[in-house]
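Colleague: Take a look at the following structure, please.
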Amino acid sequence: MPPTKVVLSGLTSDQFRHPLDLQATQTLKNLPGLDLIVRNLLGPTAEQFFYLDNISSSILVGDRQLPHLHDLLVEACKILDLEQPQLYIRQHPVPNAYTFAIRGKQPFIVIHTSLLELLNPAEIQAVIAHELGHLKCDHGVYLTLANLLVLASSELLPFGHLIAQSLQGQLLEWVRCAEFTCDRAALLVAQDARTVASVLMKLTGGSPSLAAELNLDAFLEQARSYDVASKSDIGEVFQFVQSNQLTHPLPVLRAREIDRWASSHDYQTVLKMQGMSYNDKSAFRGEWRNW
């Protein structure tokens, strides 16, 4: 990790958004009424539900509560040029982190305790930055709907199961593509591809007792081996079946993608673009910028 990180003043989402994310987002935007359903129907109910759930069952991080985590959040937001969301820590045995956001409302990030126990501080910040990537890219509307599907949204809305069935395939495809973008946000904050890849490795097969013994170079080699093996006809079919119902791309594919982008001219260009000014047309909605 570099001793002094580059602060990406004026960073816009289009400077690091993954091409697959752009394509999948456009597909969802072409679905009539989806944005309206989430904002006006699902959004308010879900927002109230999650807010009450968080303040009753999680720890809100701040300068007086888990300040070391708060410092990681503050620095990550500064690097990505983003206002700070709320950060909650929740007791849970499954390593995970997630984000909820509706434009114009204050978003929040939740990290499970089991994930914190698995990672070192730099890796925890990469996880925070990944979630901030969703906010920076304004993934809120579709991410909210996807999260509600995962959390049984049919119970929150009459006929919700019918909506879930019709949208599930397209939403899951979008979520997987959006994750590639947010891994890039994690790299922009970590500014060390090995840190991001290490998070993916530990999520794949790590535990607090095994974490120190894992070999990152071997994992990256494993990712490249999977890439080669999946290029056959049978491999392509298996890869589709394996990932079709997942909310995240396969960890080895994510590691491969971030390894490639870290070596790209595009990544180096973004790091050199510090000191940019905001677009004069940037709009403010509520307390949250939209780029």
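In the structure tokens, each chain is lettered A, B, ... as it comes, each chain's residues begin at 1, and ligands are numbered from 1 in order of appearance.
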Using backbone DSSP assignments, extract all strand (DSSP E or B) residues from segment 49-89 of chain A; output them as a list of chain:residue names.
Modeller: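 Taking segment 49-89 of chain A and keeping strand (DSSP E or B) gives A:Ile59, A:Leu60, A:Gly62, A:Gln65, A:Gln86, A:Leu87, A:Tyr88, A:Ile89.
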Colleague: For Lys5 of chain A, which of A:Ile79, A:Leu135, A:Ala229, A:Ala122 is the closest residue, counting only C-alpha atoms?
Modeller: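 Residue with the minimum atom-to-atom distance to Lys5 of chain A: A:Ile79.
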Colleague: As a ChimeraX atom specification, please: the residues near Pro251 of chain A (cut-off 7 Å, only C-alpha atoms, same-chain neighbours under 2 positions excluded).
Modeller: /A:200,204,249,253-255
Colleague: Residues within 7 Å of segment 256-261 of chain A, please, as a list of chain:residue names. Count only C-alpha atoms; anything in the same chain fewer than 2 positions from it doesn't count.
Modeller: A:Asp183, A:Arg184, A:Ala193, A:Ala223, A:Arg224, A:Val252, A:Leu253, A:Arg254, A:Ser263, A:Ser264, A:Tyr267
Colleague: Would you mind exporting the chosen residues as a compact mmCIF listing (two decimals), in the first residue's frame, restricted to N, CA and C atoms?
Modeller:
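Heads up, here's the output in again01.txt:
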# COMPACT_ATOMS: atom_id res chain seq x y z
N ASP A 183 -15.57 -3.22 -7.55
CA ASP A 183 -14.22 -3.70 -7.28
C ASP A 183 -13.19 -2.68 -7.75
N ARG A 184 -13.50 -1.99 -8.84
CA ARG A 184 -12.60 -0.93 -9.31
C ARG A 184 -12.57 0.22 -8.31
N ALA A 193 -3.60 -3.52 -5.99
CA ALA A 193 -4.46 -4.60 -6.50
C ALA A 193 -4.41 -5.83 -5.61
N ALA A 223 -7.01 -18.25 -10.52
CA ALA A 223 -7.96 -17.45 -11.29
C ALA A 223 -7.64 -17.51 -12.78
N ARG A 224 -6.36 -17.44 -13.11
CA ARG A 224 -5.97 -17.51 -14.51
C ARG A 224 -6.24 -18.90 -15.08
N VAL A 252 -13.06 -15.84 -8.57
CA VAL A 252 -11.87 -15.91 -9.41
C VAL A 252 -11.98 -14.98 -10.61
N LEU A 253 -13.20 -14.79 -11.11
CA LEU A 253 -13.39 -13.86 -12.22
C LEU A 253 -13.19 -12.42 -11.77
N ARG A 254 -13.64 -12.12 -10.57
CA ARG A 254 -13.44 -10.78 -10.02
C ARG A 254 -11.95 -10.50 -9.81
N SER A 263 -3.44 -3.15 -14.21
CA SER A 263 -2.31 -3.03 -15.14
C SER A 263 -2.65 -2.20 -16.37
N SER A 264 -3.85 -1.65 -16.40
CA SER A 264 -4.32 -0.96 -17.60
C SER A 264 -3.94 0.52 -17.61
N TYR A 267 -6.61 2.73 -15.66
CA TYR A 267 -6.44 2.87 -14.21
C TYR A 267 -5.38 3.92 -13.89
Colleague: Show me, as a PyMOL selection string, the residues that have an atom within 10 Å of Ser13 of chain A when counting only C-alpha atoms, minus same-chain residues fewer than 6 positions from it.
Modeller: chain A and resi 80+133-138+181+185+290-291
Colleague: Hey, what does DSSP flag as alpha helix (DSSP H) within segment 38-116 of chain A? Can you give it to me as a PyMOL selection string?
Modeller: chain A and resi 43-57+67-80+113-116
